[in-house]
$ cat upload-v1.txt   # compact mmCIF, C-alpha atoms and all ligand atoms
# COMPACT_ATOMS: atom_id res chain seq x y z
CA MET A 1 -10.48 -13.23 -18.37
CA GLU A 2 -12.46 -15.79 -16.38
CA ASN A 3 -13.11 -15.62 -12.66
CA VAL A 4 -13.13 -11.87 -12.20
CA PHE A 5 -14.05 -10.88 -8.65
CA ASP A 6 -13.30 -8.32 -5.96
CA TYR A 7 -13.03 -8.40 -2.17
CA GLU A 8 -16.79 -8.23 -1.66
CA ASP A 9 -17.39 -11.25 -3.89
CA ILE A 10 -15.25 -13.68 -1.90
CA GLN A 11 -15.71 -15.63 1.31
CA LEU A 12 -12.90 -17.78 2.66
CA ILE A 13 -13.95 -21.23 3.90
CA PRO A 14 -13.09 -22.15 7.50
CA ALA A 15 -10.86 -25.14 8.27
CA LYS A 16 -10.66 -27.04 11.59
CA CYS A 17 -9.21 -24.90 14.35
CA ILE A 18 -5.88 -26.02 15.87
CA VAL A 19 -5.48 -23.36 18.57
CA ASN A 20 -7.15 -22.90 21.94
CA SER A 21 -7.04 -19.14 21.77
CA ARG A 22 -6.76 -16.62 18.93
CA SER A 23 -3.86 -15.10 20.85
CA GLU A 24 -1.78 -18.14 19.80
CA CYS A 25 -1.97 -17.03 16.15
CA ASP A 26 1.09 -15.25 14.81
CA THR A 27 0.50 -12.38 12.38
CA THR A 28 4.17 -11.50 11.86
CA ILE A 29 5.71 -11.32 8.43
CA ASN A 30 9.22 -11.17 7.07
CA PHE A 31 9.56 -8.50 4.42
CA GLY A 32 12.83 -7.29 2.94
CA GLY A 33 14.91 -8.95 5.64
CA ARG A 34 12.99 -7.54 8.62
CA GLN A 35 10.18 -8.94 10.71
CA PHE A 36 7.01 -6.89 11.14
CA LYS A 37 3.99 -7.37 13.41
CA LEU A 38 1.48 -7.18 10.56
CA PRO A 39 1.46 -7.69 6.77
CA VAL A 40 0.05 -4.18 6.52
CA VAL A 41 1.50 -0.81 5.53
CA PRO A 42 -0.28 2.57 5.64
CA ALA A 43 -0.39 4.18 2.17
CA ASN A 44 2.51 6.49 1.31
CA MET A 45 0.15 9.47 1.02
CA GLN A 46 0.38 12.90 2.61
CA THR A 47 -2.89 12.59 4.59
CA ILE A 48 -1.95 9.12 5.87
CA ILE A 49 1.66 9.27 7.04
CA ASP A 50 4.11 11.86 8.30
CA GLU A 51 7.46 11.70 10.09
CA LYS A 52 5.88 11.25 13.53
CA ILE A 53 3.75 8.30 12.42
CA ALA A 54 6.74 6.77 10.60
CA ILE A 55 8.75 6.88 13.83
CA TYR A 56 5.85 5.38 15.82
CA LEU A 57 5.43 2.54 13.32
CA ALA A 58 9.15 1.74 13.06
CA GLU A 59 9.62 1.88 16.84
CA ASN A 60 6.67 -0.45 17.39
CA GLY A 61 7.51 -3.17 14.88
CA TYR A 62 5.33 -2.09 11.94
CA PHE A 63 6.38 -1.51 8.34
CA TYR A 64 5.97 1.99 6.92
CA ILE A 65 6.70 3.84 3.66
CA MET A 66 7.16 7.61 3.92
CA HIS A 67 5.51 9.59 1.09
CA ARG A 68 7.53 11.57 -1.48
CA PHE A 69 5.66 14.87 -1.40
CA HIS A 70 8.18 16.81 0.69
CA PRO A 71 11.22 15.86 -1.38
CA GLU A 72 13.54 18.32 0.36
CA LYS A 73 12.99 16.61 3.74
CA ARG A 74 13.92 13.09 2.65
CA ALA A 75 17.69 13.11 3.28
CA SER A 76 17.28 14.52 6.80
CA PHE A 77 14.44 12.04 7.42
CA ILE A 78 16.77 9.13 6.60
CA LYS A 79 19.49 10.58 8.85
CA ASP A 80 16.99 11.07 11.69
CA MET A 81 15.67 7.50 11.45
CA LYS A 82 19.20 6.12 11.43
CA ALA A 83 20.20 8.30 14.41
CA ARG A 84 17.29 6.70 16.31
CA GLY A 85 18.41 3.20 15.31
CA LEU A 86 15.33 2.77 13.11
CA PHE A 87 15.00 1.63 9.50
CA ALA A 88 14.46 4.26 6.80
CA SER A 89 11.79 3.68 4.15
CA ILE A 90 11.18 6.42 1.58
CA SER A 91 9.43 6.97 -1.75
CA VAL A 92 10.73 8.42 -4.99
CA GLY A 93 9.29 9.37 -8.37
CA VAL A 94 10.98 9.09 -11.74
CA LYS A 95 11.69 12.66 -12.82
CA GLU A 96 15.21 14.03 -13.37
CA ASP A 97 15.54 15.49 -9.82
CA GLU A 98 15.02 12.03 -8.39
CA TYR A 99 18.14 10.73 -10.15
CA GLN A 100 20.13 13.53 -8.55
CA PHE A 101 18.61 12.67 -5.19
CA ILE A 102 19.62 8.99 -5.47
CA LYS A 103 23.15 10.06 -6.50
CA GLN A 104 23.30 12.43 -3.52
CA LEU A 105 22.32 9.60 -1.13
CA SER A 106 24.94 7.37 -2.68
CA ASP A 107 27.64 10.08 -2.46
CA GLU A 108 26.75 10.68 1.20
CA ASN A 109 26.72 6.96 1.89
CA LEU A 110 23.16 7.29 3.15
CA THR A 111 21.33 4.10 2.25
CA PRO A 112 17.62 3.85 3.09
CA GLU A 113 16.67 0.26 3.87
CA TYR A 114 13.58 0.51 1.62
CA ILE A 115 12.92 2.68 -1.45
CA THR A 116 9.50 2.66 -3.13
CA ILE A 117 9.18 3.94 -6.68
CA ASP A 118 5.71 5.43 -6.57
CA ILE A 119 4.05 6.37 -9.84
CA ALA A 120 0.59 5.88 -11.28
CA HIS A 121 1.53 3.75 -14.29
CA GLY A 122 4.50 1.72 -13.13
CA HIS A 123 4.75 -0.56 -16.16
CA SER A 124 7.05 1.85 -17.98
CA ASN A 125 10.63 2.37 -19.06
CA ALA A 126 10.77 5.29 -16.63
CA VAL A 127 10.34 2.89 -13.70
CA ILE A 128 12.64 0.23 -15.18
CA GLU A 129 15.41 2.82 -15.58
CA MET A 130 14.90 4.10 -12.04
CA ILE A 131 15.06 0.56 -10.60
CA GLN A 132 18.33 -0.02 -12.46
CA TYR A 133 19.74 3.32 -11.33
CA ILE A 134 18.90 2.68 -7.66
CA LYS A 135 20.30 -0.85 -7.81
CA LYS A 136 23.55 0.53 -9.29
CA HIS A 137 23.98 3.39 -6.80
CA LEU A 138 22.30 2.01 -3.66
CA PRO A 139 22.60 -1.76 -4.10
CA ASP A 140 21.67 -2.50 -0.47
CA SER A 141 18.28 -0.78 -0.59
CA PHE A 142 15.23 -3.04 -0.96
CA VAL A 143 13.38 -1.65 -3.97
CA ILE A 144 9.58 -1.75 -4.25
CA ALA A 145 8.26 -0.72 -7.68
CA GLY A 146 4.78 0.19 -8.85
CA ASN A 147 1.98 0.50 -9.40
CA VAL A 148 1.11 -2.21 -11.86
CA GLY A 149 -1.85 -4.43 -12.66
CA THR A 150 -0.64 -7.21 -14.96
CA PRO A 151 1.66 -10.25 -14.80
CA GLU A 152 3.79 -8.85 -17.65
CA ALA A 153 4.45 -5.74 -15.61
CA VAL A 154 5.35 -7.74 -12.50
CA ARG A 155 7.80 -9.87 -14.51
CA GLU A 156 9.42 -6.89 -16.23
CA LEU A 157 9.92 -4.91 -13.03
CA GLU A 158 11.27 -7.96 -11.20
CA HIS A 159 13.58 -8.62 -14.14
CA ALA A 160 14.84 -5.03 -13.96
CA GLY A 161 15.83 -5.66 -10.34
CA ALA A 162 12.79 -4.75 -8.21
CA ASP A 163 12.72 -6.70 -4.94
CA ALA A 164 8.94 -6.37 -4.69
CA THR A 165 6.14 -4.99 -6.83
CA LYS A 166 3.02 -3.07 -5.85
CA VAL A 167 -0.24 -4.10 -7.53
CA GLY A 168 -3.28 -1.85 -7.87
CA ILE A 169 -4.27 0.66 -10.54
CA GLY A 170 -7.41 2.49 -9.60
CA PRO A 171 -9.05 0.55 -6.74
CA GLY A 172 -8.35 3.29 -4.16
CA LYS A 173 -11.09 5.05 -2.22
CA VAL A 174 -10.05 8.52 -3.43
CA CYS A 175 -9.10 7.29 -6.89
CA ILE A 176 -10.85 8.56 -9.99
CA THR A 177 -8.49 6.93 -12.51
CA LYS A 178 -11.16 4.40 -13.43
CA ILE A 179 -13.66 7.16 -14.19
CA LYS A 180 -11.28 9.55 -15.93
CA THR A 181 -9.39 6.99 -18.04
CA GLY A 182 -11.47 3.82 -18.20
CA PHE A 183 -8.45 1.76 -17.08
CA GLY A 184 -7.40 -0.18 -14.05
CA THR A 185 -8.05 -2.93 -11.56
CA GLY A 186 -10.92 -1.09 -9.83
CA GLY A 187 -13.78 -3.57 -9.31
CA TRP A 188 -11.55 -6.62 -9.80
CA GLN A 189 -8.48 -5.79 -7.69
CA LEU A 190 -8.53 -9.14 -5.87
CA ALA A 191 -8.63 -11.10 -9.15
CA ALA A 192 -5.86 -8.89 -10.57
CA LEU A 193 -3.79 -9.62 -7.47
CA ARG A 194 -4.23 -13.35 -8.01
CA TRP A 195 -3.32 -12.98 -11.69
CA CYS A 196 -0.15 -11.02 -10.85
CA ALA A 197 0.83 -13.27 -7.93
CA LYS A 198 0.90 -16.30 -10.22
CA ALA A 199 3.63 -14.59 -12.27
CA ALA A 200 5.59 -13.14 -9.36
CA SER A 201 8.79 -14.66 -8.04
CA LYS A 202 9.20 -11.93 -5.40
CA PRO A 203 6.81 -10.40 -2.85
CA ILE A 204 3.75 -8.43 -3.94
CA ILE A 205 2.15 -5.54 -2.07
CA ALA A 206 -1.61 -5.42 -2.74
CA ASP A 207 -2.45 -1.71 -2.90
CA GLY A 208 -5.91 -0.17 -2.66
CA GLY A 209 -9.50 -1.30 -2.23
CA ILE A 210 -9.23 -2.62 1.34
CA ARG A 211 -12.50 -1.70 3.06
CA THR A 212 -12.60 -4.13 6.01
CA HIS A 213 -10.03 -6.02 8.07
CA GLY A 214 -11.24 -9.25 6.49
CA ASP A 215 -9.94 -7.91 3.16
CA ILE A 216 -6.40 -8.21 4.56
CA ALA A 217 -6.85 -11.98 4.96
CA LYS A 218 -8.35 -12.18 1.46
CA SER A 219 -5.32 -10.35 0.03
CA ILE A 220 -2.99 -12.85 1.72
CA ARG A 221 -5.07 -15.73 0.34
CA PHE A 222 -4.71 -14.40 -3.20
CA GLY A 223 -0.95 -13.86 -3.07
CA ALA A 224 -0.05 -10.65 -1.26
CA SER A 225 2.91 -10.55 1.12
CA MET A 226 1.99 -7.07 2.32
CA VAL A 227 -1.18 -4.98 2.02
CA MET A 228 -1.12 -1.19 1.51
CA ILE A 229 -4.08 0.67 3.01
CA GLY A 230 -5.16 4.30 2.75
CA SER A 231 -8.77 4.98 3.72
CA LEU A 232 -8.86 2.66 6.76
CA PHE A 233 -5.86 4.56 8.14
CA ALA A 234 -7.33 7.99 7.41
CA GLY A 235 -9.22 9.94 10.08
CA HIS A 236 -7.14 8.98 13.11
CA GLU A 237 -6.12 11.40 15.83
CA GLU A 238 -2.55 11.17 14.53
CA SER A 239 -3.47 11.40 10.82
CA PRO A 240 -1.86 14.39 9.09
CA GLY A 241 -5.05 15.43 7.22
CA GLU A 242 -6.82 18.63 8.30
CA THR A 243 -9.54 18.22 10.95
CA VAL A 244 -12.98 19.76 10.32
CA GLU A 245 -16.20 19.87 12.32
CA LYS A 246 -19.64 19.52 10.76
CA ASP A 247 -22.99 19.20 12.57
CA GLY A 248 -21.18 18.45 15.83
CA LYS A 249 -19.12 15.63 14.32
CA THR A 250 -15.36 15.64 13.69
CA TYR A 251 -13.91 14.57 10.35
CA LYS A 252 -10.43 14.46 8.83
CA GLU A 253 -9.53 15.02 5.22
CA TYR A 254 -8.19 12.24 3.01
CA PHE A 255 -7.07 13.20 -0.50
CA GLY A 256 -5.54 11.39 -3.44
CA SER A 257 -1.87 11.86 -4.32
CA ALA A 258 -2.98 12.73 -7.86
CA SER A 259 -5.71 15.12 -6.68
CA GLU A 260 -5.58 18.89 -7.17
CA PHE A 261 -5.11 19.20 -3.39
CA GLN A 262 -1.80 17.34 -3.63
CA LYS A 263 -0.68 18.74 -6.97
CA GLY A 264 -1.69 22.34 -6.34
CA GLU A 265 -3.09 22.52 -9.88
CA ARG A 266 -5.79 20.91 -11.98
CA LYS A 267 -3.50 19.02 -14.36
CA ASN A 268 -3.77 15.29 -14.94
CA VAL A 269 -5.99 14.99 -11.89
CA GLU A 270 -6.81 11.36 -11.04
CA GLY A 271 -7.69 11.72 -7.39
CA LYS A 272 -10.29 13.40 -5.16
CA LYS A 273 -10.76 14.51 -1.56
CA MET A 274 -13.15 13.10 1.00
CA TYR A 275 -13.79 13.55 4.71
CA VAL A 276 -13.50 10.56 7.01
CA GLU A 277 -15.17 10.40 10.40
CA HIS A 278 -12.71 10.77 13.27
CA LYS A 279 -11.68 7.27 14.36
CA GLY A 280 -9.70 7.58 17.57
CA SER A 281 -6.10 6.47 17.82
CA LEU A 282 -4.02 4.69 15.20
CA LYS A 283 -2.63 2.42 17.90
CA ASP A 284 -6.11 1.04 18.66
CA THR A 285 -6.78 0.35 14.97
CA LEU A 286 -3.48 -1.52 14.64
CA ILE A 287 -4.34 -3.64 17.67
CA GLU A 288 -7.82 -4.40 16.31
CA MET A 289 -6.31 -5.30 12.92
CA GLU A 290 -3.92 -7.71 14.64
CA GLN A 291 -6.73 -9.34 16.63
CA ASP A 292 -8.92 -9.69 13.54
CA LEU A 293 -6.06 -11.20 11.57
CA GLN A 294 -5.31 -13.61 14.43
CA SER A 295 -8.93 -14.66 14.19
CA SER A 296 -8.59 -15.09 10.39
CA ILE A 297 -5.58 -17.37 10.95
CA SER A 298 -7.59 -19.46 13.42
CA TYR A 299 -10.45 -19.83 10.89
CA ALA A 300 -7.83 -20.90 8.34
CA GLY A 301 -6.98 -23.83 10.64
CA GLY A 302 -3.45 -22.71 11.49
CA ASN A 303 -1.39 -20.62 13.85
CA GLN A 304 0.74 -18.77 11.27
CA LEU A 305 -0.18 -16.30 8.53
CA GLU A 306 0.82 -18.90 5.92
CA ALA A 307 -2.25 -20.98 6.81
CA ILE A 308 -4.48 -18.40 5.10
CA ARG A 309 -2.73 -18.98 1.75
CA ASN A 310 -4.11 -22.50 1.50
CA VAL A 311 -7.78 -22.08 2.39
CA ASP A 312 -10.61 -22.75 -0.04
CA TYR A 313 -12.96 -19.97 -1.01
CA VAL A 314 -16.29 -19.37 -2.69
CA ILE A 315 -17.32 -16.61 -5.03
CA VAL A 316 -20.48 -14.97 -3.70
CA LYS A 317 -21.36 -12.66 -6.55
CA ASN A 318 -24.41 -11.10 -4.94
CA SER A 319 -22.41 -9.31 -2.22
CA ILE A 320 -21.55 -10.89 1.13
CA PHE A 321 -23.22 -8.05 3.02
CA ASN A 322 -26.69 -8.94 1.80
CA GLY A 323 -27.77 -5.32 1.83
CA ASP A 324 -26.47 -4.70 5.38
CA LYS A 325 -24.13 -1.87 6.22
CA VAL A 326 -20.53 -2.98 6.88
CA TYR A 327 -20.67 -1.55 10.43
N1 LIG B 401 -2.42 3.46 -7.63
C1 LIG B 401 -3.12 4.18 -8.47
O1 LIG B 401 -4.09 3.73 -9.05
C2 LIG B 401 -2.72 5.58 -8.78
C3 LIG B 401 -1.91 6.25 -7.93
N2 LIG B 401 -1.59 7.56 -8.15
C4 LIG B 401 -0.68 8.22 -7.23
O2 LIG B 401 -0.63 9.60 -7.50
C5 LIG B 401 0.68 10.10 -7.35
C6 LIG B 401 1.08 10.84 -8.60
O3 LIG B 401 1.32 9.88 -9.63
P1 LIG B 401 2.01 10.25 -11.00
O4 LIG B 401 1.12 11.20 -11.72
O5 LIG B 401 2.42 9.03 -11.70
O6 LIG B 401 3.32 10.97 -10.48
P2 LIG B 401 4.16 12.08 -11.14
O7 LIG B 401 3.32 13.27 -11.33
O8 LIG B 401 5.40 12.21 -10.33
O9 LIG B 401 4.48 11.42 -12.55
C7 LIG B 401 5.55 10.57 -12.69
C8 LIG B 401 6.04 10.60 -14.12
O10 LIG B 401 5.30 9.67 -14.87
C9 LIG B 401 4.62 10.34 -15.93
N3 LIG B 401 3.31 9.72 -16.01
C10 LIG B 401 2.35 9.68 -15.06
N4 LIG B 401 1.29 9.01 -15.50
C11 LIG B 401 1.59 8.62 -16.74
C12 LIG B 401 0.92 7.89 -17.72
N5 LIG B 401 -0.33 7.45 -17.50
N6 LIG B 401 1.53 7.65 -18.90
C13 LIG B 401 2.77 8.13 -19.14
N7 LIG B 401 3.48 8.83 -18.23
C14 LIG B 401 2.89 9.08 -17.06
C15 LIG B 401 4.58 11.79 -15.53
O11 LIG B 401 4.55 12.65 -16.66
P3 LIG B 401 3.25 13.51 -17.02
O12 LIG B 401 2.67 14.00 -15.71
O13 LIG B 401 3.78 14.63 -17.86
O14 LIG B 401 2.34 12.59 -17.77
C16 LIG B 401 5.88 11.94 -14.80
O15 LIG B 401 6.96 12.15 -15.66
C17 LIG B 401 1.56 8.90 -6.99
O16 LIG B 401 1.75 8.88 -5.62
C18 LIG B 401 0.74 7.72 -7.43
O17 LIG B 401 0.96 6.58 -6.63
C19 LIG B 401 -2.07 8.23 -9.25
C20 LIG B 401 -2.93 7.62 -10.10
C21 LIG B 401 -3.28 6.20 -9.97
N1 LIG B 402 -6.07 6.68 -8.81
C1 LIG B 402 -5.54 7.21 -7.71
N2 LIG B 402 -5.08 6.38 -6.76
C2 LIG B 402 -4.53 6.94 -5.70
C3 LIG B 402 -4.44 8.31 -5.53
N3 LIG B 402 -3.82 8.55 -4.37
C4 LIG B 402 -3.53 7.36 -3.86
N4 LIG B 402 -3.96 6.37 -4.64
C5 LIG B 402 -3.89 4.94 -4.43
O1 LIG B 402 -4.89 4.54 -3.49
C6 LIG B 402 -4.29 3.69 -2.51
C7 LIG B 402 -5.08 3.66 -1.22
O2 LIG B 402 -6.33 3.07 -1.46
P1 LIG B 402 -7.46 2.86 -0.33
O3 LIG B 402 -8.55 2.17 -1.04
O4 LIG B 402 -6.85 2.01 0.75
O5 LIG B 402 -7.86 4.19 0.19
C8 LIG B 402 -2.89 4.28 -2.38
O6 LIG B 402 -1.98 3.41 -1.76
C9 LIG B 402 -2.56 4.54 -3.84
O7 LIG B 402 -2.09 3.44 -4.53
C10 LIG B 402 -4.96 9.15 -6.54
O8 LIG B 402 -4.95 10.39 -6.45
N5 LIG B 402 -5.50 8.54 -7.60

$ encode --input "upload-v1.txt" --output "structure tokens" --more "lines below"
Ligand SMILES: NC(=O)C1=CN([C@@H]2O[C@H](COP(=O)(O)OP(=O)(O)OC[C@H]3O[C@@H](n4cnc5c(N)ncnc54)[C@H](OP(=O)(O)O)[C@@H]3O)[C@@H](O)[C@H]2O)C=CC1
Ligand SMILES: Nc1nc2c(ncn2[C@@H]2O[C@H](COP(=O)(O)O)[C@@H](O)[C@H]2O)c(=O)[nH]1
Amino acid sequence: MENVFDYEDIQLIPAKCIVNSRSECDTTINFGGRQFKLPVVPANMQTIIDEKIAIYLAENGYFYIMHRFHPEKRASFIKDMKARGLFASISVGVKEDEYQFIKQLSDENLTPEYITIDIAHGHSNAVIEMIQYIKKHLPDSFVIAGNVGTPEAVRELEHAGADATKVGIGPGKVCITKIKTGFGTGGWQLAALRWCAKAASKPIIADGGIRTHGDIAKSIRFGASMVMIGSLFAGHEESPGETVEKDGKTYKEYFGSASEFQKGERKNVEGKKMYVEHKGSLKDTLIEMEQDLQSSISYAGGNQLEAIRNVDYVIVKNSIFNGDKVY
């Protein structure tokens, strides 16, 4: 394939500014029939989101996807969100128990507004069958399916009934899929996103590989409607990962959903654990992300997120950081 690049290889080209202040720029996005403050969603991973964070995000106008690693808590989570007047957004896998769970929700008339089918290799009959099953039993849920990395996969999952697809196989910070299997979009996630977006007729969530706030704007430019982020959301005061102290500094753990720490065994491990420096509060990061994205919109010469989709870009293959540290 020609034109293979990743986030680091791209710079967006500024267009004439039409606002007098960055605060005039609107970062909101419509996704699945609801409006959210940012086109950003914290990864549905156990060290990134828990019930408390989900409530905070939903109450404050942000999108969230709850992880699927406490399956027994999901029905009560949906009930709790609904009792609070908030939307419910959960994840499922594709094993037999998950079919029973969807049937149970349908029997109890408990419809989550968003359901994400979350497996490593989403271009599979297992995912297609699960999409069809959810659409039959919970037709009002907005179904996000993934993860995939090719236009064929996007088309097939959309054709099966997915309302959005999630793109990214292996670009994650705690991912070792690329090393263990030799496959994935690691190292060319942004180009893979562009490739997939050209085939998509429904929204795409770009998942993995975001290392700076500028990467959010780049994802929007190359076709994402929403951007899923793990590592940048790890290490906050509110983050569920364990806190540790080393040499007088505080860190929080961040581990992969396919790591032995998640699975409890060393079988088909495709993820690792790392420690992220403590970052302060999640709220402050979300505010900074919004301000940075407002600035991106102003550089794009607009006052809406859409302006970013039309900007020109250059490929800067020798790294835009020129040997500097990011921060
Ligand atoms: N975005 C990414 O790059 C990746 C993300 N992950 C995350 O890790 C978590 C665990 O993922 P996953 O292992 O799929 O979840 P599960 O362990 O729930 O597996 C889901 C089902 O898919 C099967 N399966 C998984 N991988 C493959 C494959 N490569 N080929 C054929 N069948 C497969 C599993 O069977 P069996 O286990 O017997 O093969 C199982 O039946 C998820 O949250 C996922 O998002 C994991 C890897 C990559
Ligand atoms: N290959 C693996 N990918 C994983 C695993 N756990 C999560 N993920 C993916 O990473 C992103 C987050 O990426 P980041 O660069 O923002 O940190 C997450 O949304 C998943 O798609 C794993 O164990 N292996």

$ atom_distance --input "upload-v1.txt" --atom1 "atom CA of Ala88 of chain A" --atom2 "atom CA of Phe63 of chain A"
10.0 Å

$ residues_near_ligand --input "upload-v1.txt" --ligand "ligand LIG 402 (chain B)" --cutoff "9 Å" --atoms "all atoms listed in the file" --output "PDB file with C-alpha atoms, in the frame of the given file"
ATOM      1  CA  PRO A  42      -0.280   2.570   5.640  1.00  0.00           C
ATOM      2  CA  ALA A  43      -0.390   4.180   2.170  1.00  0.00           C
ATOM      3  CA  ASN A  44       2.510   6.490   1.310  1.00  0.00           C
ATOM      4  CA  MET A  45       0.150   9.470   1.020  1.00  0.00           C
ATOM      5  CA  ASP A 118       5.710   5.430  -6.570  1.00  0.00           C
ATOM      6  CA  ILE A 119       4.050   6.370  -9.840  1.00  0.00           C
ATOM      7  CA  ALA A 120       0.590   5.880 -11.280  1.00  0.00           C
ATOM      8  CA  GLY A 146       4.780   0.190  -8.850  1.00  0.00           C
ATOM      9  CA  ASN A 147       1.980   0.500  -9.400  1.00  0.00           C
ATOM     10  CA  LYS A 166       3.020  -3.070  -5.850  1.00  0.00           C
ATOM     11  CA  VAL A 167      -0.240  -4.100  -7.530  1.00  0.00           C
ATOM     12  CA  GLY A 168      -3.280  -1.850  -7.870  1.00  0.00           C
ATOM     13  CA  ILE A 169      -4.270   0.660 -10.540  1.00  0.00           C
ATOM     14  CA  GLY A 170      -7.410   2.490  -9.600  1.00  0.00           C
ATOM     15  CA  PRO A 171      -9.050   0.550  -6.740  1.00  0.00           C
ATOM     16  CA  GLY A 172      -8.350   3.290  -4.160  1.00  0.00           C
ATOM     17  CA  LYS A 173     -11.090   5.050  -2.220  1.00  0.00           C
ATOM     18  CA  VAL A 174     -10.050   8.520  -3.430  1.00  0.00           C
ATOM     19  CA  CYS A 175      -9.100   7.290  -6.890  1.00  0.00           C
ATOM     20  CA  ILE A 176     -10.850   8.560  -9.990  1.00  0.00           C
ATOM     21  CA  THR A 177      -8.490   6.930 -12.510  1.00  0.00           C
ATOM     22  CA  LYS A 178     -11.160   4.400 -13.430  1.00  0.00           C
ATOM     23  CA  GLY A 184      -7.400  -0.180 -14.050  1.00  0.00           C
ATOM     24  CA  ALA A 206      -1.610  -5.420  -2.740  1.00  0.00           C
ATOM     25  CA  ASP A 207      -2.450  -1.710  -2.900  1.00  0.00           C
ATOM     26  CA  GLY A 208      -5.910  -0.170  -2.660  1.00  0.00           C
ATOM     27  CA  GLY A 209      -9.500  -1.300  -2.230  1.00  0.00           C
ATOM     28  CA  ILE A 210      -9.230  -2.620   1.340  1.00  0.00           C
ATOM     29  CA  ARG A 211     -12.500  -1.700   3.060  1.00  0.00           C
ATOM     30  CA  MET A 228      -1.120  -1.190   1.510  1.00  0.00           C
ATOM     31  CA  ILE A 229      -4.080   0.670   3.010  1.00  0.00           C
ATOM     32  CA  GLY A 230      -5.160   4.300   2.750  1.00  0.00           C
ATOM     33  CA  SER A 231      -8.770   4.980   3.720  1.00  0.00           C
ATOM     34  CA  LEU A 232      -8.860   2.660   6.760  1.00  0.00           C
ATOM     35  CA  PHE A 233      -5.860   4.560   8.140  1.00  0.00           C
ATOM     36  CA  ALA A 234      -7.330   7.990   7.410  1.00  0.00           C
ATOM     37  CA  TYR A 254      -8.190  12.240   3.010  1.00  0.00           C
ATOM     38  CA  PHE A 255      -7.070  13.200  -0.500  1.00  0.00           C
ATOM     39  CA  GLY A 256      -5.540  11.390  -3.440  1.00  0.00           C
ATOM     40  CA  SER A 257      -1.870  11.860  -4.320  1.00  0.00           C
ATOM     41  CA  ALA A 258      -2.980  12.730  -7.860  1.00  0.00           C
ATOM     42  CA  SER A 259      -5.710  15.120  -6.680  1.00  0.00           C
ATOM     43  CA  GLU A 260      -5.580  18.890  -7.170  1.00  0.00           C
ATOM     44  CA  GLN A 262      -1.800  17.340  -3.630  1.00  0.00           C
ATOM     45  CA  VAL A 269      -5.990  14.990 -11.890  1.00  0.00           C
ATOM     46  CA  GLU A 270      -6.810  11.360 -11.040  1.00  0.00           C
ATOM     47  CA  GLY A 271      -7.690  11.720  -7.390  1.00  0.00           C
ATOM     48  CA  LYS A 272     -10.290  13.400  -5.160  1.00  0.00           C
ATOM     49  CA  LYS A 273     -10.760  14.510  -1.560  1.00  0.00           C
TER      50      LYS A 273
END

$ closest_residue --input "upload-v1.txt" --among "A:Gln46, A:Ser106, A:Thr111, A:Ser76" --to "ligand LIG 401 (chain B)" --atoms "all atoms listed in the file"
A:Gln46

$ atom_distance --input "upload-v1.txt" --atom1 "atom CA of Asp26 of chain A" --atom2 "atom CA of Gln304 of chain A"
5.0 Å

$ residues_around --input "upload-v1.txt" --residues "segment 32-40 of chain A" --least-positions-apart "5" --cutoff "8 Å" --atoms "all atoms listed in the file" --output "PDB file with C-alpha atoms, in the coordinates of the input"
ATOM      1  CA  THR A  27       0.500 -12.380  12.380  1.00  0.00           C
ATOM      2  CA  GLY A  61       7.510  -3.170  14.880  1.00  0.00           C
ATOM      3  CA  TYR A  62       5.330  -2.090  11.940  1.00  0.00           C
ATOM      4  CA  PHE A  63       6.380  -1.510   8.340  1.00  0.00           C
ATOM      5  CA  TYR A 114      13.580   0.510   1.620  1.00  0.00           C
ATOM      6  CA  PHE A 142      15.230  -3.040  -0.960  1.00  0.00           C
ATOM      7  CA  ASP A 163      12.720  -6.700  -4.940  1.00  0.00           C
ATOM      8  CA  ILE A 216      -6.400  -8.210   4.560  1.00  0.00           C
ATOM      9  CA  SER A 225       2.910 -10.550   1.120  1.00  0.00           C
ATOM     10  CA  MET A 226       1.990  -7.070   2.320  1.00  0.00           C
ATOM     11  CA  VAL A 227      -1.180  -4.980   2.020  1.00  0.00           C
ATOM     12  CA  MET A 228      -1.120  -1.190   1.510  1.00  0.00           C
ATOM     13  CA  ILE A 229      -4.080   0.670   3.010  1.00  0.00           C
ATOM     14  CA  GLU A 290      -3.920  -7.710  14.640  1.00  0.00           C
TER      15      GLU A 290
END

$ residues_near_point --input "upload-v1.txt" --point "(6.8, 8.4, 5.8)" --cutoff "9 Å" --atoms "all atoms listed in the file" --output "JSON, numbers by chain"
{"A": [44, 45, 46, 48, 49, 50, 51, 52, 53, 54, 55, 64, 65, 66, 67, 68, 77, 88, 89, 90, 91]}

$ atom_distance --input "upload-v1.txt" --atom1 "atom CA of Glu8 of chain A" --atom2 "atom CA of Asp215 of chain A"
8.4 Å

$ residues_around --input "upload-v1.txt" --residues "Tyr251 of chain A" --least-positions-apart "3" --cutoff "9 Å" --atoms "all atoms listed in the file" --output "PyMOL selection string"
chain A and resi 235+242-246+275-279

$ closest_residue --input "upload-v1.txt" --among "A:Arg155, A:Arg266, A:Lys73, A:Arg22" --to "ligand LIG 401 (chain B)" --atoms "only C-alpha atoms and all ligand atoms"
A:Arg266

$ closest_residue --input "upload-v1.txt" --among "A:Asp284, A:Glu98, A:Asp292, A:Glu306" --to "ligand LIG 401 (chain B)" --atoms "only C-alpha atoms and all ligand atoms"
A:Glu98

$ closest_residue --input "upload-v1.txt" --among "A:Cys196, A:Ala160, A:Leu293, A:Val127" --to "ligand LIG 401 (chain B)" --atoms "only C-alpha atoms and all ligand atoms"
A:Val127

$ residues_around --input "upload-v1.txt" --residues "Ile315 of chain A" --least-positions-apart "6" --cutoff "12 Å" --atoms "all atoms listed in the file" --output "list of chain:residue names"
A:Asn3, A:Val4, A:Phe5, A:Asp6, A:Tyr7, A:Glu8, A:Asp9, A:Ile10, A:Gln11, A:Leu12, A:Ile13, A:Leu190, A:Ala191, A:Lys218
